Every structure is written in C-alpha cells, then in structure tokens.
Amino acid sequence: MNSYDVAIIGSGPGGYVAAIRCAQLGMKTAIIEKYSTLGGTCLNVGCIPSKAMLSSSHHYEEATKHFEEHGIEIPGEIKVNLEKMVARKQAVVNQTTGGIDFLMKKNNIDVYEGLGSFKDATHIKIDGKDAGEIEAKNIIIATGSKPSNLPFITLDKERIITSTEALELKEVPKHMIIIGGGVIGLELGQVYYRLGAEVTVIEYMDRILPTMDAGLSKELNKVFKKAKCKMMMSHKVQSVERDGDEVIVKAENKKGDLVEFRGDYCLVSVGRRPYTDGLNAEAAGVKINDRGQVEVNDHLQTNVPNIYAIGDVIRGAMLAHKAEEEGVFVAETLAGQKPHIDYNLIPGVVYTWPEVAAVGKTEEELKEAGIEYKAGQFPFRALGRARASGDTDGFVKILADKTTDEVLGVHMIGARCADLIAEAVTAMEFRASAEDISRYSHAHPTFAEAVKEAALAATDNRPLHV
Ligand code: FAD
Ligand code: NAD
C-alpha cells in the first residue's frame, strides 16, 4: 500500500493548490479526484467556462451594439454560432485542466482517479480507474460543492437546469427564467441576454446580489433593466413544471398573488451545497454539521486531529480564491508554520459587464455594527479613460472610519473592477487610510484613477474631477 505524508481528496482550487504547497514544503503528497479531469468545479464547470462564455458573448454584444459608434462597419449579418462558442469554451477548459496535470507532475504529486472514501482516519479507499487503498498521516478534505435545489423542483437537466447544463446549451433560449438573482444567475443571465434570449430573473429578496453593498445591486439592476430583462424582486417561487418544451414557473409576489412565467428554459441558481456524498466521513469520525459542512476549527482542522478541510465544503464564502488560500494555509500549518487568513479581506467579484467587485464591510454592515464611517464615491463617467472606451457605467465607493480614516470597505462597479479590487485589498491588508490611497500616483488615463478619486472624496470630500 502506498503511504503519504498527506493525501487530499478533491482536486478543485482548494485541493490542487494544497497539494502543490504541500509538495513545495517537502511532503510526499497524493491527490484523489473522482473525475478524469483535475481542477474541480472551478476549472470544469465554474469560474473558467463561465468567464469564457462571458467573454464570447461580450464580443458579440460589442460587435452588434458598439462597433458602429467606433466607426467599424461589418457588412452582412453578425450571427451567433453557439456550437462553436461552446466548443471554444471547452477548449479553454481542456487547456486549463491540462495545466493542472502538468503542475501535479512537476511537483511529483501522485494523482489517483476515483472516488475517495474513508476507511478510517488514516486510510482512504479509492473506487474507480485507480482502485485501491492508500495510507496518509494527514488528510485534507477538499470535496467542494454541488448546486442546491428547492425541494419541489425536479431538475430534468434538459430545460430545468443548473449552471452546469447552462454552460453546454445547444441553442440560445427564447426565454430563460432564472431563479435566484445571485452571482450565477446574473453572470449566466447576461451571457444569454447578450446572445438574444429574453431573460427573467426571479429573486426572493428585495434586490439582486443581496449580500453585496446595496449601491452595487441598484447599479447592476439598472444594467439588466436597460437590456430589457424582467427583474422580479421579492418573488417566492412556488412551483416549476415542464409542459412539453415549455417551463412554467409560479411565484408569489409581495402582495401574495401568484404570478406565472412561461419560458423554454429555467436556470435554478439558488446557491450551492457542500458535497460529502460517498466520502464515508463517519468511518473516520469526522463531524459534519446540520448544514452539510465539514466542521473545522480556526486551524481548518476537523474534530479528528490529522484531518483538515478546506474550500466550499466548509463554512464561509464559496469562492475559488478563498479555497486556494485555505489550501496554502493547511499545507503551511502541517509544515509547522503559522499562516493567517483575513476572511474580511477575501474579495468578491461578479464578472458581468460592468464588473462588480467588493472587499471589506458594506455600508449596511457598518451601520448595523454602529461604526461611524465616511463614504467617498466617484463615477466612471467622469474618467477620460472610461469615455475613451465607452465604459462609463458605474462608480467606486470607499468607506473609511470617520475618526481614523482607515479604509473599511471598497465597493465598485464598472469596467475592469475585477482587477481594480486588488488595489483595495492590498491597501486594506496594509491598513491604509483613504488619504494614503489618495496620495500615491495612479497612471493617467486609467480606470484606477477612480479609486484615487474615491479616496480623495472619502478623505475630505475633495475629488479633483467632479
Ligand atoms: P471544487 O472546485 O468543487 O472541487 C472539489 C472536487 O472534489 C471536485 O472535482 C469533485 O469531483 C471532487 N470530489 C468530491 N468528492 C470526492 C471524493 N469523495 N473523491 C474524489 N474526489 C471527490 N468562484 C470564484 O472565486 N470566481 C468565479 O468566477 C467563480 N465562478 C463560478 C461559476 C460557476 C458557474 C460556479 C458553479 C462556481 C463558480 N465559482 C467561482 C465558485 C468556485 O467554483 C468554487 O468556490 C470552487 O471551485 C471551490 O473549490 P473547492 O476546491 O472547494 O471545490
Ligand atoms: P448565490 O448565493 O450567489 O445566489 C443565490 C440567490 O438565490 C440569492 O440571491 C438568493 O436570495 C436567491 N434565492 C434563494 N432561494 C430562492 C428562492 N426560493 N426563490 C428565489 N430566489 C432565491 O448563489 P449562486 O448564484 O447559485 O452561486 C453559488 C455559489 O457559487 C455562490 O456562493 C458564489 O459565491 C459562487 N460563484 C461565484 C462566482 C464569482 O465569484 N464570480 C460566480 C458564480 C458562482
């Protein structure tokens, strides 16, 4: 039987990054993945394919709606070839998952293909291509998550679908009904409205992206409305049924009336659930809480001392970069180091266009905590760079402590915000004040100037360009 210092179950961004860091730190490392490709949800059916489809559909929108204003004329009709678009997406996925194979080899990590299940706290049985059993001193559970569903919905995966099927459709829906105005619903909703589908978003709460700063929800809602999407807030879905090629969704509105929606596809995007099916965690004595999460302490250690857990399968935001940080954290802990993660500074990004990005506290959270703060906001339309490219929607908002001026939260919506948020994370990691940000140079003309201007507005309300 092969023996390891550490074995990792699951090869998503949590698992494969943990494996690399363990190997870098000199541990003999194995990784077990039930699918034939590595990379987990993120690389196969999550972050990467959704961004490929967002990019392709963005190009189409630019070509059909904006090229003309730039003086670019395309003779003839511009058409979507969805089959080709999906094939390109798959090629991007294949290249990316292939990259993980390379990284595993480069770091001498043994890869086992098959379902890993605990026999006891140090032995894992593998069922599948590489069937057998391995032994490991330490084990990291990185089994990720699967889409959640509502109890009364039957996902037929044909017309009543999750994000996984929505990334593989054979036709552009005529009318896509989306249940859940969260990250998946909005990213994939934007893909399909750009490609010509009518889109209806049904959200239970009173706004889209309910966990983000309300200002961002409001601004993105405007973008979807401008694209003629129906944004049905405060609607509680009661039933979803198939009628031939039609899907009928009934939802109760605020007044208690039942409203009916008819479409040809229904995307259910109401969150994801931690995944431990088939893991046989009981055999090792690992505790799973009533939310289905593997329970961990501050060191990401389960109740069984040599077993750790990371990523979507434990508490916290279900984000690839959070899983990666945790993978590194556990590897370094096993090596006797003292790593640290500040969960308040894990940024959140929605890859629509305009992009939405945030880090730290929202205004709602600061109010609730009774923290006095100042807010400085700067609109993208006041930036030369934004006007040059025609990306004038959005703003950057900086929230700073009223007394100390320390930055407590940064919330932005606009072009390239997914990248701009890194500046805010860096500033907050170093506990910068708004004045600090306002005093260092930002290249002109860039979108990043909005960050400086918002900092000037937060410091003492003296932005230069509005
Ligand atoms: P996963 O990536 O889910 O990987 C777990 C792996 O474990 C899987 O490969 C699974 O097959 C394997 N596994 C499970 N059980 C076993 C077992 N018993 N034996 C062997 N293998 C097993 N996050 C972002 O940060 N940015 C984004 O842009 C983003 N976009 C997304 C878009 C979509 C459509 C979706 C669905 C998710 C997106 N996410 C995004 C979320 C992100 O994918 C997850 O947070 C991330 O993949 C979690 O990583 P993980 O390693 O914890 O688990
Ligand atoms: P989510 O939690 O972002 O959004 C789910 C939405 O569904 C919420 O707004 C919620 O209020 C709503 N909802 C819940 N029950 C409902 C009901 N009965 N009727 C109507 N609406 C209802 O979840 P998601 O969009 O499914 O994404 C799942 C996870 O994947 C998220 O945790 C997210 O972090 C991750 N993800 C991240 C990215 C990214 O980082 N860009 C992209 C996609 C997914």
# chains A, B, ... in the order shown; residues from 1 in each chain; ligands from 1
>>> select_by_dssp(residues="region 163-352 of chain A", states="helix (DSSP H, G or I)", output="number ranges by chain")
A: 163-166, 183-194, 214-226, 281-284, 311-313, 320-334, 343-345
>>> write_last_selection(atoms="C-alpha atoms", output="PDB file, in the first residue's frame")
ATOM      1  CA  SER A 163     -25.217  26.238 -14.179  1.00  0.00           C
ATOM      2  CA  THR A 164     -23.514  23.035 -15.376  1.00  0.00           C
ATOM      3  CA  GLU A 165     -26.075  22.476 -18.150  1.00  0.00           C
ATOM      4  CA  ALA A 166     -26.363  26.214 -18.839  1.00  0.00           C
ATOM      5  CA  VAL A 183     -23.746  35.554  -8.904  1.00  0.00           C
ATOM      6  CA  ILE A 184     -24.537  32.588 -11.158  1.00  0.00           C
ATOM      7  CA  GLY A 185     -27.957  33.876 -12.194  1.00  0.00           C
ATOM      8  CA  LEU A 186     -26.558  37.260 -13.187  1.00  0.00           C
ATOM      9  CA  GLU A 187     -23.391  36.046 -14.930  1.00  0.00           C
ATOM     10  CA  LEU A 188     -25.216  33.418 -16.984  1.00  0.00           C
ATOM     11  CA  GLY A 189     -28.266  35.644 -17.412  1.00  0.00           C
ATOM     12  CA  GLN A 190     -26.000  38.206 -19.024  1.00  0.00           C
ATOM     13  CA  VAL A 191     -24.453  35.598 -21.330  1.00  0.00           C
ATOM     14  CA  TYR A 192     -27.881  34.617 -22.643  1.00  0.00           C
ATOM     15  CA  TYR A 193     -29.483  38.051 -22.899  1.00  0.00           C
ATOM     16  CA  ARG A 194     -26.475  39.171 -24.919  1.00  0.00           C
ATOM     17  CA  ALA A 214     -26.937  47.877  -1.903  1.00  0.00           C
ATOM     18  CA  GLY A 215     -25.461  50.564  -4.187  1.00  0.00           C
ATOM     19  CA  LEU A 216     -23.904  47.870  -6.364  1.00  0.00           C
ATOM     20  CA  SER A 217     -27.166  45.907  -6.600  1.00  0.00           C
ATOM     21  CA  LYS A 218     -29.010  49.030  -7.679  1.00  0.00           C
ATOM     22  CA  GLU A 219     -26.494  49.907 -10.397  1.00  0.00           C
ATOM     23  CA  LEU A 220     -26.323  46.377 -11.838  1.00  0.00           C
ATOM     24  CA  ASN A 221     -30.098  46.110 -11.730  1.00  0.00           C
ATOM     25  CA  LYS A 222     -30.218  49.194 -13.986  1.00  0.00           C
ATOM     26  CA  VAL A 223     -27.892  47.482 -16.476  1.00  0.00           C
ATOM     27  CA  PHE A 224     -30.126  44.399 -16.647  1.00  0.00           C
ATOM     28  CA  LYS A 225     -33.263  46.513 -16.959  1.00  0.00           C
ATOM     29  CA  LYS A 226     -31.677  48.533 -19.763  1.00  0.00           C
ATOM     30  CA  ALA A 281     -16.680  10.662   6.716  1.00  0.00           C
ATOM     31  CA  GLU A 282     -18.312   8.708   9.571  1.00  0.00           C
ATOM     32  CA  ALA A 283     -15.719   5.935   9.211  1.00  0.00           C
ATOM     33  CA  ALA A 284     -13.037   8.413  10.237  1.00  0.00           C
ATOM     34  CA  GLY A 311     -12.938  25.305   0.374  1.00  0.00           C
ATOM     35  CA  ASP A 312     -16.635  25.044  -0.426  1.00  0.00           C
ATOM     36  CA  VAL A 313     -17.121  22.018   1.826  1.00  0.00           C
ATOM     37  CA  ALA A 320     -12.089  29.696  -5.663  1.00  0.00           C
ATOM     38  CA  HIS A 321      -9.543  32.123  -4.207  1.00  0.00           C
ATOM     39  CA  LYS A 322     -10.855  31.513  -0.676  1.00  0.00           C
ATOM     40  CA  ALA A 323     -10.383  27.755  -1.258  1.00  0.00           C
ATOM     41  CA  GLU A 324      -6.846  28.405  -2.555  1.00  0.00           C
ATOM     42  CA  GLU A 325      -5.889  30.490   0.486  1.00  0.00           C
ATOM     43  CA  GLU A 326      -7.170  27.720   2.716  1.00  0.00           C
ATOM     44  CA  GLY A 327      -5.197  25.092   0.773  1.00  0.00           C
ATOM     45  CA  VAL A 328      -1.993  27.029   1.355  1.00  0.00           C
ATOM     46  CA  PHE A 329      -2.978  27.654   4.980  1.00  0.00           C
ATOM     47  CA  VAL A 330      -3.360  23.938   5.784  1.00  0.00           C
ATOM     48  CA  ALA A 331      -0.166  22.953   3.934  1.00  0.00           C
ATOM     49  CA  GLU A 332       1.819  25.555   5.881  1.00  0.00           C
ATOM     50  CA  THR A 333       0.163  24.547   9.159  1.00  0.00           C
ATOM     51  CA  LEU A 334       1.185  20.921   8.514  1.00  0.00           C
ATOM     52  CA  TYR A 343     -11.552  36.453   5.746  1.00  0.00           C
ATOM     53  CA  ASN A 344     -12.738  40.070   5.797  1.00  0.00           C
ATOM     54  CA  LEU A 345     -10.256  40.753   3.005  1.00  0.00           C
TER      55      LEU A 345
END
>>> residues_around(residues="Val92 (chain A)", least_positions_apart="5", cutoff="12 Å", atoms="only C-alpha atoms", output="PyMOL selection string")
chain A and resi 43-45+47-53+55-56+85-87+97-99
>>> residues_around(residues="region 135-150 of chain A", least_positions_apart="3", cutoff="9 Å", atoms="only C-alpha atoms", output="PyMOL selection string")
chain A and resi 1-16+18+29-30+33+40-41+121-125+153-155+162-164+268-276+279+294+301+305-314+318+323+327+330+334
>>> residues_near_ligand(ligand="ligand 2", cutoff="6 Å", atoms="only C-alpha atoms and all ligand atoms", output="number ranges by chain")
A: 179-185, 202-205, 208-210, 236-237, 269-272, 317-319, 348-351
>>> atom_distance(atom1="CA of Val356 (chain A)", atom2="CA of Val407 (chain A)")
18.6 Å
>>> residues_around(residues="Phe380 (chain A)", least_positions_apart="3", cutoff="6 Å", atoms="only C-alpha atoms", output="JSON, numbers by chain")
{"A": [383, 392, 394, 395]}
>>> closest_residue(among="A:Asp130, A:Glu429, A:Glu198, A:Glu449", to="ligand 1", atoms="only C-alpha atoms and all ligand atoms")
A:Asp130
>>> atom_distance(atom1="CA of Pro339 (chain A)", atom2="CA of Ile288 (chain A)")
24.7 Å
>>> closest_residue(among="A:Glu423, A:Asp213, A:Asp393, A:Glu355", to="ligand 1", atoms="only C-alpha atoms and all ligand atoms")
A:Glu355
>>> closest_residue(among="A:Gly244, A:Pro347, A:Pro75, A:Gly409", to="ligand 1", atoms="only C-alpha atoms and all ligand atoms")
A:Pro347
>>> residues_around(residues="Ile109 (chain A)", least_positions_apart="5", cutoff="9 Å", atoms="only C-alpha atoms", output="ChimeraX atom specification")
/A:19-20,23,28-31,103-104
>>> atom_distance(atom1="atom 33 (C, counted along the ligand's line) of ligand 1", atom2="CA of Leu300 (chain A)")
24.1 Å
>>> closest_residue(among="A:Asp243, A:Glu113, A:Asp156, A:Glu368", to="ligand 1", atoms="only C-alpha atoms and all ligand atoms")
A:Glu113
>>> residues_around(residues="Lys129 (chain A)", least_positions_apart="3", cutoff="9 Å", atoms="only C-alpha atoms", output="PyMOL selection string")
chain A and resi 34+36+112-114+126
>>> write_last_selection(atoms="N, CA and C atoms", output="PDB file, in the first residue's frame")
ATOM      1  N   LYS A  34     -12.382  12.164  -8.321  1.00  0.00           N
ATOM      2  CA  LYS A  34     -13.283  11.154  -8.900  1.00  0.00           C
ATOM      3  C   LYS A  34     -13.488  11.323 -10.401  1.00  0.00           C
ATOM      4  N   SER A  36     -12.207  12.421 -14.395  1.00  0.00           N
ATOM      5  CA  SER A  36     -10.967  12.161 -15.136  1.00  0.00           C
ATOM      6  C   SER A  36     -10.159  13.438 -15.364  1.00  0.00           C
ATOM      7  N   TYR A 112      -4.580  10.071  -8.141  1.00  0.00           N
ATOM      8  CA  TYR A 112      -5.412   8.867  -8.219  1.00  0.00           C
ATOM      9  C   TYR A 112      -6.783   9.262  -8.752  1.00  0.00           C
ATOM     10  N   GLU A 113      -7.215   8.583  -9.800  1.00  0.00           N
ATOM     11  CA  GLU A 113      -8.553   8.867 -10.318  1.00  0.00           C
ATOM     12  C   GLU A 113      -9.537   7.861  -9.729  1.00  0.00           C
ATOM     13  N   GLY A 114     -10.537   8.391  -9.021  1.00  0.00           N
ATOM     14  CA  GLY A 114     -11.551   7.519  -8.420  1.00  0.00           C
ATOM     15  C   GLY A 114     -12.183   8.213  -7.228  1.00  0.00           C
ATOM     16  N   ILE A 126     -10.071   3.853  -2.703  1.00  0.00           N
ATOM     17  CA  ILE A 126     -10.328   4.532  -3.976  1.00  0.00           C
ATOM     18  C   ILE A 126     -11.108   3.585  -4.887  1.00  0.00           C
TER      19      ILE A 126
END
